[in-house]
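K.L.:
Below is upload-v4.pdb; it holds PDB, C-alpha atoms and all ligand atoms.
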ATOM      1  CA  MET A  18       0.000   0.000   0.000
ATOM      2  CA  LYS A  19       1.123   3.526  -0.785
ATOM      3  CA  ILE A  20       0.447   6.432   1.570
ATOM      4  CA  LEU A  21       0.199   9.953   0.220
ATOM      5  CA  VAL A  22       0.920  12.729   2.729
ATOM      6  CA  ALA A  23       0.247  16.416   2.062
ATOM      7  CA  VAL A  24       2.834  18.817   3.456
ATOM      8  CA  LYS A  25       2.307  22.563   3.275
ATOM      9  CA  ARG A  26       4.977  25.249   3.564
ATOM     10  CA  VAL A  27       3.724  27.834   6.049
ATOM     11  CA  LEU A  28       5.015  30.681   8.200
ATOM     12  CA  ASP A  29       6.848  29.015  11.116
ATOM     13  CA  TYR A  30       4.592  28.762  14.163
ATOM     14  CA  ASN A  31       7.111  30.677  16.304
ATOM     15  CA  VAL A  32       7.067  33.696  13.993
ATOM     16  CA  LYS A  33       4.559  36.457  14.678
ATOM     17  CA  ALA A  34       2.477  37.062  11.550
ATOM     18  CA  ARG A  35       2.536  40.673  10.339
ATOM     19  CA  VAL A  36       0.329  42.250   7.732
ATOM     20  CA  ASN A  37       2.253  43.551   4.708
ATOM     21  CA  ALA A  38       2.475  47.257   3.921
ATOM     22  CA  GLU A  39      -0.138  47.009   1.136
ATOM     23  CA  GLY A  40      -2.692  45.354   3.475
ATOM     24  CA  THR A  41      -3.155  42.506   1.013
ATOM     25  CA  GLY A  42      -1.782  39.602   3.052
ATOM     26  CA  ILE A  43       0.880  38.427   5.491
ATOM     27  CA  ASP A  44       4.443  39.653   5.029
ATOM     28  CA  LEU A  45       6.466  36.571   4.038
ATOM     29  CA  ALA A  46       9.673  38.371   3.032
ATOM     30  CA  ASN A  47      12.724  37.091   4.951
ATOM     31  CA  VAL A  48      10.755  35.138   7.550
ATOM     32  CA  LYS A  49      11.261  31.534   8.594
ATOM     33  CA  MET A  50       8.970  29.094   6.785
ATOM     34  CA  SER A  51       8.409  25.517   7.975
ATOM     35  CA  MET A  52       6.255  22.477   7.453
ATOM     36  CA  ASN A  53       2.727  22.954   8.796
ATOM     37  CA  PRO A  54       2.821  21.313  12.288
ATOM     38  CA  PHE A  55      -0.212  19.084  11.601
ATOM     39  CA  ASP A  56       1.546  17.826   8.461
ATOM     40  CA  GLU A  57       4.598  16.788  10.513
ATOM     41  CA  ILE A  58       2.144  14.649  12.483
ATOM     42  CA  ALA A  59       0.759  13.297   9.178
ATOM     43  CA  VAL A  60       4.257  12.327   7.967
ATOM     44  CA  GLU A  61       5.050  10.700  11.324
ATOM     45  CA  GLU A  62       1.853   8.632  11.232
ATOM     46  CA  ALA A  63       2.525   7.474   7.663
ATOM     47  CA  LEU A  64       6.064   6.441   8.669
ATOM     48  CA  ARG A  65       4.802   4.538  11.712
ATOM     49  CA  ILE A  66       2.287   2.661   9.525
ATOM     50  CA  LYS A  67       5.084   1.788   7.085
ATOM     51  CA  GLU A  68       7.413   0.741   9.905
ATOM     52  CA  ALA A  69       4.667  -1.544  11.229
ATOM     53  CA  GLY A  70       4.771  -3.321   7.854
ATOM     54  CA  LYS A  71       1.357  -2.046   6.766
ATOM     55  CA  ALA A  72       2.545   0.191   3.904
ATOM     56  CA  ASP A  73       5.346  -0.027   1.344
ATOM     57  CA  GLU A  74       5.842   3.564   0.315
ATOM     58  CA  VAL A  75       5.285   7.047   1.724
ATOM     59  CA  ILE A  76       4.985   9.881  -0.789
ATOM     60  CA  ALA A  77       5.111  13.517   0.379
ATOM     61  CA  VAL A  78       3.190  15.994  -1.769
ATOM     62  CA  SER A  79       3.260  19.775  -1.654
ATOM     63  CA  MET A  80       1.626  22.456  -3.762
ATOM     64  CA  GLY A  81       2.993  25.955  -4.074
ATOM     65  CA  VAL A  82       6.097  27.975  -4.851
ATOM     66  CA  SER A  83       9.375  26.239  -5.760
ATOM     67  CA  GLN A  84      10.705  26.689  -2.188
ATOM     68  CA  SER A  85       8.077  24.127  -1.112
ATOM     69  CA  GLN A  86      10.746  21.649  -2.214
ATOM     70  CA  GLU A  87      12.401  22.341   1.154
ATOM     71  CA  THR A  88       9.237  21.219   2.933
ATOM     72  CA  ILE A  89       9.195  18.016   0.883
ATOM     73  CA  ARG A  90      12.909  17.469   1.652
ATOM     74  CA  THR A  91      12.079  17.740   5.366
ATOM     75  CA  ALA A  92       9.493  14.973   4.930
ATOM     76  CA  LEU A  93      12.068  12.914   3.006
ATOM     77  CA  ALA A  94      14.607  13.475   5.801
ATOM     78  CA  MET A  95      12.033  12.240   8.333
ATOM     79  CA  GLY A  96      11.776   9.052   6.247
ATOM     80  CA  ALA A  97       9.334   9.523   3.343
ATOM     81  CA  ASP A  98      10.442   7.669   0.188
ATOM     82  CA  ARG A  99       9.794  10.227  -2.529
ATOM     83  CA  GLY A 100       8.218  13.596  -3.140
ATOM     84  CA  ILE A 101       5.949  15.361  -5.599
ATOM     85  CA  LEU A 102       5.839  19.140  -5.946
ATOM     86  CA  VAL A 103       3.012  20.765  -7.856
ATOM     87  CA  GLU A 104       4.653  24.072  -8.590
ATOM     88  CA  THR A 105       2.757  27.330  -8.974
ATOM     89  CA  GLU A 106       3.177  30.963  -7.995
ATOM     90  CA  GLU A 107      -0.614  31.335  -7.747
ATOM     91  CA  GLU A 108      -2.299  31.611  -4.350
ATOM     92  CA  LEU A 109      -3.952  28.239  -3.774
ATOM     93  CA  GLN A 110      -7.230  27.846  -1.958
ATOM     94  CA  PRO A 111      -8.325  24.559  -0.316
ATOM     95  CA  LEU A 112     -10.532  23.511  -3.253
ATOM     96  CA  ALA A 113      -7.633  23.885  -5.688
ATOM     97  CA  VAL A 114      -5.312  21.920  -3.364
ATOM     98  CA  ALA A 115      -7.956  19.201  -2.940
ATOM     99  CA  LYS A 116      -8.349  18.940  -6.733
ATOM    100  CA  LEU A 117      -4.572  18.721  -7.241
ATOM    101  CA  LEU A 118      -4.298  16.081  -4.521
ATOM    102  CA  ALA A 119      -7.151  14.142  -6.133
ATOM    103  CA  ALA A 120      -5.405  14.264  -9.522
ATOM    104  CA  ILE A 121      -2.248  12.849  -7.926
ATOM    105  CA  ALA A 122      -4.215  10.221  -5.993
ATOM    106  CA  LYS A 123      -5.789   9.062  -9.274
ATOM    107  CA  ARG A 124      -2.299   8.567 -10.725
ATOM    108  CA  GLU A 125      -0.664   7.000  -7.670
ATOM    109  CA  GLU A 126      -3.648   5.014  -6.323
ATOM    110  CA  PRO A 127      -2.672   5.177  -2.625
ATOM    111  CA  GLY A 128      -4.586   3.158  -0.015
ATOM    112  CA  LEU A 129      -4.422   6.056   2.396
ATOM    113  CA  VAL A 130      -4.084   9.835   2.158
ATOM    114  CA  ILE A 131      -3.108  11.722   5.306
ATOM    115  CA  VAL A 132      -3.342  15.511   5.584
ATOM    116  CA  GLY A 133      -3.278  17.911   8.532
ATOM    117  CA  LYS A 134      -6.570  18.955  10.110
ATOM    118  CA  GLN A 135      -5.733  22.534   9.224
ATOM    119  CA  ALA A 136      -2.975  24.695   7.851
ATOM    120  CA  ILE A 137      -1.890  27.223  10.487
ATOM    121  CA  ASP A 138      -1.724  30.057   7.933
ATOM    122  CA  ASP A 139      -5.262  30.020   6.530
ATOM    123  CA  ASP A 140      -6.834  27.845   9.307
ATOM    124  CA  SER A 141      -9.325  26.634   6.700
ATOM    125  CA  ASN A 142      -9.785  23.018   7.851
ATOM    126  CA  GLN A 143     -11.267  22.180   4.440
ATOM    127  CA  THR A 144      -8.742  20.469   2.166
ATOM    128  CA  GLY A 145      -9.061  16.915   3.528
ATOM    129  CA  GLN A 146     -12.841  16.966   3.560
ATOM    130  CA  MET A 147     -13.010  18.385   0.012
ATOM    131  CA  PHE A 148     -10.508  15.777  -1.209
ATOM    132  CA  ALA A 149     -12.564  12.906   0.276
ATOM    133  CA  ALA A 150     -15.710  14.296  -1.348
ATOM    134  CA  LEU A 151     -13.999  14.648  -4.752
ATOM    135  CA  MET A 152     -12.713  11.049  -4.536
ATOM    136  CA  ASP A 153     -15.939   9.723  -2.976
ATOM    137  CA  TRP A 154     -13.793   8.120  -0.243
ATOM    138  CA  PRO A 155     -14.533   7.644   3.471
ATOM    139  CA  GLN A 156     -13.002  10.326   5.679
ATOM    140  CA  ALA A 157     -11.779  10.138   9.267
ATOM    141  CA  THR A 158     -11.067  13.692  10.389
ATOM    142  CA  PHE A 159      -9.332  14.929  13.591
ATOM    143  CA  ALA A 160      -7.682  11.543  14.173
ATOM    144  CA  SER A 161      -6.012  10.925  17.529
ATOM    145  CA  GLU A 162      -5.452   7.168  17.048
ATOM    146  CA  VAL A 163      -5.308   4.981  13.942
ATOM    147  CA  GLU A 164      -5.368   1.185  13.874
ATOM    148  CA  ILE A 165      -5.096  -0.541  10.516
ATOM    149  CA  ASP A 166      -6.309  -4.087  10.014
ATOM    150  CA  GLY A 167      -6.130  -5.302   6.405
ATOM    151  CA  ASP A 168      -8.165  -2.869   4.308
ATOM    152  CA  LYS A 169     -10.104  -1.642   7.344
ATOM    153  CA  MET A 170      -9.157   1.102   9.726
ATOM    154  CA  LYS A 171     -10.372   2.039  13.208
ATOM    155  CA  VAL A 172      -9.905   5.726  13.862
ATOM    156  CA  THR A 173     -10.411   7.553  17.128
ATOM    157  CA  ARG A 174     -11.523  11.109  16.476
ATOM    158  CA  GLU A 175     -11.355  14.186  18.673
ATOM    159  CA  VAL A 176     -14.865  15.633  18.641
ATOM    160  CA  ASP A 177     -16.423  18.433  20.695
ATOM    161  CA  GLY A 178     -17.872  16.064  23.291
ATOM    162  CA  GLY A 179     -14.716  13.947  23.717
ATOM    163  CA  LEU A 180     -13.587  10.984  21.625
ATOM    164  CA  GLU A 181     -15.445   9.095  18.928
ATOM    165  CA  SER A 182     -14.365   5.838  17.314
ATOM    166  CA  ILE A 183     -15.262   5.007  13.706
ATOM    167  CA  ASN A 184     -14.472   2.141  11.329
ATOM    168  CA  VAL A 185     -13.709   2.972   7.692
ATOM    169  CA  SER A 186     -12.686   0.917   4.679
ATOM    170  CA  MET A 187      -9.697   1.937   2.629
ATOM    171  CA  PRO A 188      -8.867   3.740   0.420
ATOM    172  CA  ALA A 189      -9.644   6.515   2.850
ATOM    173  CA  LEU A 190      -8.584   9.946   4.026
ATOM    174  CA  ILE A 191      -7.341  10.890   7.493
ATOM    175  CA  THR A 192      -6.826  14.372   8.889
ATOM    176  CA  THR A 193      -4.464  14.531  11.858
ATOM    177  CA  ASP A 194      -5.168  16.071  15.247
ATOM    178  CA  LEU A 195      -2.519  17.236  17.697
ATOM    179  CA  ARG A 196      -2.510  14.185  19.972
ATOM    180  CA  LEU A 197      -2.084  11.563  17.210
ATOM    181  CA  ASN A 198       1.681  11.289  17.762
ATOM    182  CA  GLU A 199       4.849  13.223  18.428
ATOM    183  CA  PRO A 200       6.754  13.747  15.178
ATOM    184  CA  ARG A 201      10.394  12.685  15.020
ATOM    185  CA  TYR A 202      13.236  15.074  14.227
ATOM    186  CA  ALA A 203      15.187  14.457  11.050
ATOM    187  CA  LYS A 204      18.702  13.257  11.916
ATOM    188  CA  LEU A 205      21.681  14.787  10.098
ATOM    189  CA  PRO A 206      22.617  11.645   8.081
ATOM    190  CA  ASN A 207      18.982  11.388   6.967
ATOM    191  CA  ILE A 208      18.978  15.043   5.921
ATOM    192  CA  MET A 209      21.967  14.249   3.676
ATOM    193  CA  LYS A 210      20.300  11.093   2.328
ATOM    194  CA  ALA A 211      17.085  12.999   1.636
ATOM    195  CA  LYS A 212      18.909  15.145  -0.930
ATOM    196  CA  LYS A 213      19.219  12.070  -3.151
ATOM    197  CA  LYS A 214      15.629  10.851  -2.839
ATOM    198  CA  PRO A 215      13.429  11.334  -5.925
ATOM    199  CA  LEU A 216      11.369  14.518  -6.135
ATOM    200  CA  ASP A 217       9.120  15.007  -9.178
ATOM    201  CA  THR A 218       7.894  18.441 -10.136
ATOM    202  CA  MET A 219       4.741  19.051 -12.133
ATOM    203  CA  THR A 220       2.338  21.912 -12.828
ATOM    204  CA  PRO A 221      -1.407  22.242 -12.273
ATOM    205  CA  ALA A 222      -1.805  22.405 -16.082
ATOM    206  CA  GLU A 223      -0.072  19.032 -16.473
ATOM    207  CA  LEU A 224      -2.545  17.601 -13.975
ATOM    208  CA  GLU A 225      -5.358  19.344 -15.901
ATOM    209  CA  VAL A 226      -6.592  21.092 -12.768
ATOM    210  CA  ASP A 227      -8.154  24.548 -12.844
ATOM    211  CA  ILE A 228      -6.776  26.412  -9.805
ATOM    212  CA  THR A 229      -8.621  29.676 -10.417
ATOM    213  CA  SER A 230      -9.478  31.421  -7.152
ATOM    214  CA  ARG A 231     -13.114  31.440  -6.143
ATOM    215  CA  LEU A 232     -12.447  33.960  -3.395
ATOM    216  CA  LYS A 233     -11.016  37.463  -3.486
ATOM    217  CA  VAL A 234      -9.157  38.982  -0.540
ATOM    218  CA  LEU A 235     -10.346  42.564  -0.171
ATOM    219  CA  LYS A 236      -8.208  43.688   2.752
ATOM    220  CA  VAL A 237      -6.077  42.240   5.528
ATOM    221  CA  GLU A 238      -5.616  44.159   8.757
ATOM    222  CA  GLU A 239      -4.190  43.588  12.241
ATOM    223  CA  PRO A 240      -6.778  42.884  14.969
ATOM    224  CA  GLU A 241      -7.519  45.807  17.275
ATOM    225  CA  GLN A 242      -5.161  46.049  20.258
ATOM    226  CA  ARG A 243      -6.833  44.717  23.408
ATOM    227  CA  LYS A 244      -6.985  47.131  26.336
ATOM    228  CA  ALA A 245      -5.093  46.104  29.474
ATOM    229  CA  GLY A 246      -7.172  44.408  32.173
ATOM    230  CA  GLU A 247      -7.914  45.942  35.563
ATOM    231  CA  ILE A 248      -8.170  44.350  39.007
ATOM    232  CA  VAL A 249     -11.039  45.743  41.035
ATOM    233  CA  GLY A 250     -11.079  45.944  44.816
ATOM    234  CA  SER A 251     -14.575  44.655  45.531
ATOM    235  CA  VAL A 252     -17.720  43.186  44.027
ATOM    236  CA  ALA A 253     -19.463  46.504  44.499
ATOM    237  CA  GLU A 254     -16.763  48.268  42.475
ATOM    238  CA  LEU A 255     -17.057  45.602  39.749
ATOM    239  CA  VAL A 256     -20.819  46.032  39.534
ATOM    240  CA  ASP A 257     -20.410  49.803  39.443
ATOM    241  CA  LYS A 258     -17.907  49.594  36.583
ATOM    242  CA  LEU A 259     -20.051  47.141  34.630
ATOM    243  CA  LYS A 260     -23.024  49.479  35.023
ATOM    244  CA  ASN A 261     -21.468  52.877  34.564
ATOM    245  CA  GLU A 262     -18.263  52.354  32.527
ATOM    246  CA  ALA A 263     -18.840  49.265  30.388
ATOM    247  CA  LYS A 264     -22.633  49.837  30.436
ATOM    248  CA  VAL A 265     -23.284  46.136  30.007
ATOM    249  CA  ILE A 266     -25.715  45.638  32.916
TER     250      ILE A 266
HETATM  251  P1  LIG B   1      -6.458  23.718   5.139
HETATM  252  O1  LIG B   1      -7.706  23.081   4.617
HETATM  253  O2  LIG B   1      -5.932  24.820   4.238
HETATM  254  O3  LIG B   1      -6.576  24.168   6.582
HETATM  255  O4  LIG B   1      -5.302  22.596   5.088
HETATM  256  C1  LIG B   1      -5.484  21.302   5.650
HETATM  257  C2  LIG B   1      -4.354  20.396   5.226
HETATM  258  O5  LIG B   1      -4.355  20.271   3.797
HETATM  259  C3  LIG B   1      -2.941  20.867   5.571
HETATM  260  O6  LIG B   1      -2.590  20.503   6.899
HETATM  261  C4  LIG B   1      -2.112  20.115   4.537
HETATM  262  O7  LIG B   1      -1.913  18.763   4.934
HETATM  263  C5  LIG B   1      -3.030  20.125   3.317
HETATM  264  N1  LIG B   1      -2.690  21.277   2.446
HETATM  265  C6  LIG B   1      -3.338  22.459   2.326
HETATM  266  N2  LIG B   1      -2.719  23.267   1.436
HETATM  267  C7  LIG B   1      -1.639  22.576   0.982
HETATM  268  C8  LIG B   1      -0.581  22.845   0.052
HETATM  269  N3  LIG B   1      -0.509  24.006  -0.610
HETATM  270  N4  LIG B   1       0.349  21.871  -0.156
HETATM  271  C9  LIG B   1       0.284  20.699   0.513
HETATM  272  N5  LIG B   1      -0.674  20.391   1.392
HETATM  273  C10 LIG B   1      -1.622  21.295   1.629
END
Could you render the structure from this file as structure tokens?
Ligand code: AMP

P.N.:
Amino acid sequence: MKILVAVKRVLDYNVKARVNAEGTGIDLANVKMSMNPFDEIAVEEALRIKEAGKADEVIAVSMGVSQSQETIRTALAMGADRGILVETEEELQPLAVAKLLAAIAKREEPGLVIVGKQAIDDDSNQTGQMFAALMDWPQATFASEVEIDGDKMKVTREVDGGLESINVSMPALITTDLRLNEPRYAKLPNIMKAKKKPLDTMTPAELEVDITSRLKVLKVEEPEQRKAGEIVGSVAELVDKLKNEAKVI
């Protein structure tokens, strides 16, 4: 069985996002970019499934600018076998990514596709679900535990009320939640080895996918600064402030 893992290049989670001078998006000039944290979890899970003898190959896929190669190389250094970059300078929305992933899945015929539950830049939480719908595959979103048995899979999901367990048949899609595993670090020798692993590059046109945006960003602005809090001396003072200053009661 092949496992396809989607890895997105995003602003590193330690970097504070700043709106660019034009107010059209986030300033990405000279800032650290990394693999989306939920995708590191996706790669780790795919590797664990392969190491347990339940998969033969792990393929890391990324869509975006040519520097996304670095993100794929990180996945290869963690242990993925090969990479595919769908290269474009266009801004990609979840539907376009889902269509590109579906086009690759049709070529590669994986038994499992693992993506993050959300990308920390757009926070959409849509790509996996859209992909499953396009492929007409079962989906197990927000996975915190995965057990594979033949072509069946038991997935524990993190839902609002706690945990839910579902059984799905493969091929299927999983989106990873934070508690699924703790991703490994790539060791130096593996980083060197990863440079020699195969990485194919293709374009959306070659995959015959229309990536035209359906959404238009009108303006991006920083959230309003929050006012500092205040400690009041008594309940009476609190009530007074709520009544006369905040005017909420
Ligand atoms: P989103 O729906 O944008 O929150 O993204 C959910 C997941 O889809 C991410 O965690 C990635 O696994 C995958 N994904 C989204 N955009 C891309 C991209 N440009 N390249 C690779 N994977 C992506």

K.L.:
I need the residue nearest A:Gly167 from this list: A:Met209, A:Leu180, A:Val36, A:Val185. Use all atoms listed in the file for the distance.

P.N.:
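Selected residue with least distance to A:Gly167: A:Val185.
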
K.L.:
Residues at most 12 Å from A:Leu205, counting all atoms listed in the file, excluding those fewer than 4 positions away in the same chain, as a ChimeraX atom specification?

P.N.:
/A:91,94-95,209-212

K.L.:
Write the residues of the selection above to a file with C-alpha atoms, as a PDB file, in the coordinates of the input.

P.N.:
ATOM      1  CA  THR A  91      12.079  17.740   5.366  1.00  0.00           C
ATOM      2  CA  ALA A  94      14.607  13.475   5.801  1.00  0.00           C
ATOM      3  CA  MET A  95      12.033  12.240   8.333  1.00  0.00           C
ATOM      4  CA  MET A 209      21.967  14.249   3.676  1.00  0.00           C
ATOM      5  CA  LYS A 210      20.300  11.093   2.328  1.00  0.00           C
ATOM      6  CA  ALA A 211      17.085  12.999   1.636  1.00  0.00           C
ATOM      7  CA  LYS A 212      18.909  15.145  -0.930  1.00  0.00           C
TER       8      LYS A 212
END

K.L.:
Around ligand LIG 1 (chain B), at most 9 Å away and counting only C-alpha atoms and all ligand atoms, which residues are there? Put them as a PDB file with C-alpha atoms, in the frame of the given file, please.

P.N.:
ATOM      1  CA  VAL A  22       0.920  12.729   2.729  1.00  0.00           C
ATOM      2  CA  ALA A  23       0.247  16.416   2.062  1.00  0.00           C
ATOM      3  CA  VAL A  24       2.834  18.817   3.456  1.00  0.00           C
ATOM      4  CA  LYS A  25       2.307  22.563   3.275  1.00  0.00           C
ATOM      5  CA  ARG A  26       4.977  25.249   3.564  1.00  0.00           C
ATOM      6  CA  VAL A  27       3.724  27.834   6.049  1.00  0.00           C
ATOM      7  CA  ASN A  53       2.727  22.954   8.796  1.00  0.00           C
ATOM      8  CA  PRO A  54       2.821  21.313  12.288  1.00  0.00           C
ATOM      9  CA  PHE A  55      -0.212  19.084  11.601  1.00  0.00           C
ATOM     10  CA  ASP A  56       1.546  17.826   8.461  1.00  0.00           C
ATOM     11  CA  GLU A  57       4.598  16.788  10.513  1.00  0.00           C
ATOM     12  CA  ALA A  59       0.759  13.297   9.178  1.00  0.00           C
ATOM     13  CA  ALA A  77       5.111  13.517   0.379  1.00  0.00           C
ATOM     14  CA  VAL A  78       3.190  15.994  -1.769  1.00  0.00           C
ATOM     15  CA  SER A  79       3.260  19.775  -1.654  1.00  0.00           C
ATOM     16  CA  MET A  80       1.626  22.456  -3.762  1.00  0.00           C
ATOM     17  CA  GLY A  81       2.993  25.955  -4.074  1.00  0.00           C
ATOM     18  CA  VAL A  82       6.097  27.975  -4.851  1.00  0.00           C
ATOM     19  CA  SER A  85       8.077  24.127  -1.112  1.00  0.00           C
ATOM     20  CA  LEU A 102       5.839  19.140  -5.946  1.00  0.00           C
ATOM     21  CA  VAL A 103       3.012  20.765  -7.856  1.00  0.00           C
ATOM     22  CA  GLU A 108      -2.299  31.611  -4.350  1.00  0.00           C
ATOM     23  CA  LEU A 109      -3.952  28.239  -3.774  1.00  0.00           C
ATOM     24  CA  GLN A 110      -7.230  27.846  -1.958  1.00  0.00           C
ATOM     25  CA  PRO A 111      -8.325  24.559  -0.316  1.00  0.00           C
ATOM     26  CA  LEU A 112     -10.532  23.511  -3.253  1.00  0.00           C
ATOM     27  CA  ALA A 113      -7.633  23.885  -5.688  1.00  0.00           C
ATOM     28  CA  VAL A 114      -5.312  21.920  -3.364  1.00  0.00           C
ATOM     29  CA  ALA A 115      -7.956  19.201  -2.940  1.00  0.00           C
ATOM     30  CA  LEU A 118      -4.298  16.081  -4.521  1.00  0.00           C
ATOM     31  CA  ILE A 131      -3.108  11.722   5.306  1.00  0.00           C
ATOM     32  CA  VAL A 132      -3.342  15.511   5.584  1.00  0.00           C
ATOM     33  CA  GLY A 133      -3.278  17.911   8.532  1.00  0.00           C
ATOM     34  CA  LYS A 134      -6.570  18.955  10.110  1.00  0.00           C
ATOM     35  CA  GLN A 135      -5.733  22.534   9.224  1.00  0.00           C
ATOM     36  CA  ALA A 136      -2.975  24.695   7.851  1.00  0.00           C
ATOM     37  CA  ILE A 137      -1.890  27.223  10.487  1.00  0.00           C
ATOM     38  CA  ASP A 138      -1.724  30.057   7.933  1.00  0.00           C
ATOM     39  CA  ASP A 139      -5.262  30.020   6.530  1.00  0.00           C
ATOM     40  CA  ASP A 140      -6.834  27.845   9.307  1.00  0.00           C
ATOM     41  CA  SER A 141      -9.325  26.634   6.700  1.00  0.00           C
ATOM     42  CA  ASN A 142      -9.785  23.018   7.851  1.00  0.00           C
ATOM     43  CA  GLN A 143     -11.267  22.180   4.440  1.00  0.00           C
ATOM     44  CA  THR A 144      -8.742  20.469   2.166  1.00  0.00           C
ATOM     45  CA  GLY A 145      -9.061  16.915   3.528  1.00  0.00           C
ATOM     46  CA  GLN A 146     -12.841  16.966   3.560  1.00  0.00           C
ATOM     47  CA  MET A 147     -13.010  18.385   0.012  1.00  0.00           C
ATOM     48  CA  THR A 192      -6.826  14.372   8.889  1.00  0.00           C
ATOM     49  CA  THR A 193      -4.464  14.531  11.858  1.00  0.00           C
TER      50      THR A 193
END

K.L.:
Write out as a compact mmCIF listing (two decimals) with C-alpha atoms, in the coordinates of the input which residues come within 12 Å of A:Glu247 when counting only C-alpha atoms, dropping same-chain ones fewer than 6 positions away.

P.N.:
# COMPACT_ATOMS: atom_id res chain seq x y z
CA GLU A 254 -16.76 48.27 42.48
CA LEU A 255 -17.06 45.60 39.75
CA LYS A 258 -17.91 49.59 36.58

K.L.:
With distances taken over only C-alpha atoms, which of A:Ile183, A:Ala189, A:Ala72, A:Val32 is nearest to A:Ser161?

P.N.:
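Of A:Ile183, A:Ala189, A:Ala72, A:Val32, the one nearest A:Ser161, counting only C-alpha atoms, is A:Ile183.
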
K.L.:
Which residue is closest to A:Asp98? Choose from A:Val75, A:Leu235, A:Val252, A:Ala245 and count only C-alpha atoms.

P.N.:
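Among the listed residues, the smallest separation from A:Asp98 belongs to A:Val75.
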
K.L.:
Please measure the separation of atom CA of A:Asp153 and atom CA of A:Leu117, giving the value in Å to one decimal.

P.N.:
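Straight-line distance from atom CA of A:Asp153 to atom CA of A:Leu117 works out to 15.1 Å.
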
K.L.:
Work out how far atom CA of A:Gln86 is from atom CA of A:Glu125, in Å to one decimal.

P.N.:
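Interatomic distance here is 19.4 Å.
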
K.L.:
Could you tell me how far atom CA of A:Asn31 lies from atom CA of A:Ala97, in Å and to one decimal?

P.N.:
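According to the coordinates, atom CA of A:Asn31 and atom CA of A:Ala97 are separated by 24.9 Å.
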
K.L.:
Hey, what's within 10 Å of A:Gly40 if we count only C-alpha atoms and toss same-chain stuff fewer than 4 positions away? As a count of residues only, please?

P.N.:
9

K.L.:
Quick one: of A:Ala263, A:Ala157, A:Leu190, A:Leu64, who's nearest to A:Glu175, counting only C-alpha atoms?

P.N.:
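The answer is A:Ala157, which sits nearest to A:Glu175.
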
K.L.:
Go through A:Gln156, A:Asn207, A:Asn198, A:Asn37 and flag the residue nearest A:Leu93, using all atoms listed in the file for the distances.

P.N.:
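Result for the nearest residue to A:Leu93: A:Asn207.
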
K.L.:
Smallest atom-to-atom distance to A:Gly100: which of A:Lys171, A:Lys123, A:Lys213, A:Lys244, using only C-alpha atoms?

P.N.:
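Checking each of A:Lys171, A:Lys123, A:Lys213, A:Lys244 against A:Gly100, counting only C-alpha atoms, the winner is A:Lys213.
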
K.L.:
Could you give me the axis-aligned bounding box of stretch 233-250 of chain A, with 4 Å of padding per side, as centre plus edge lengths in Å to one decimal, as AutoDock Vina command-line options?

P.N.:
--center_x -7.6 --center_y 42.3 --center_z 20.7 --size_x 14.9 --size_y 17.7 --size_z 56.3
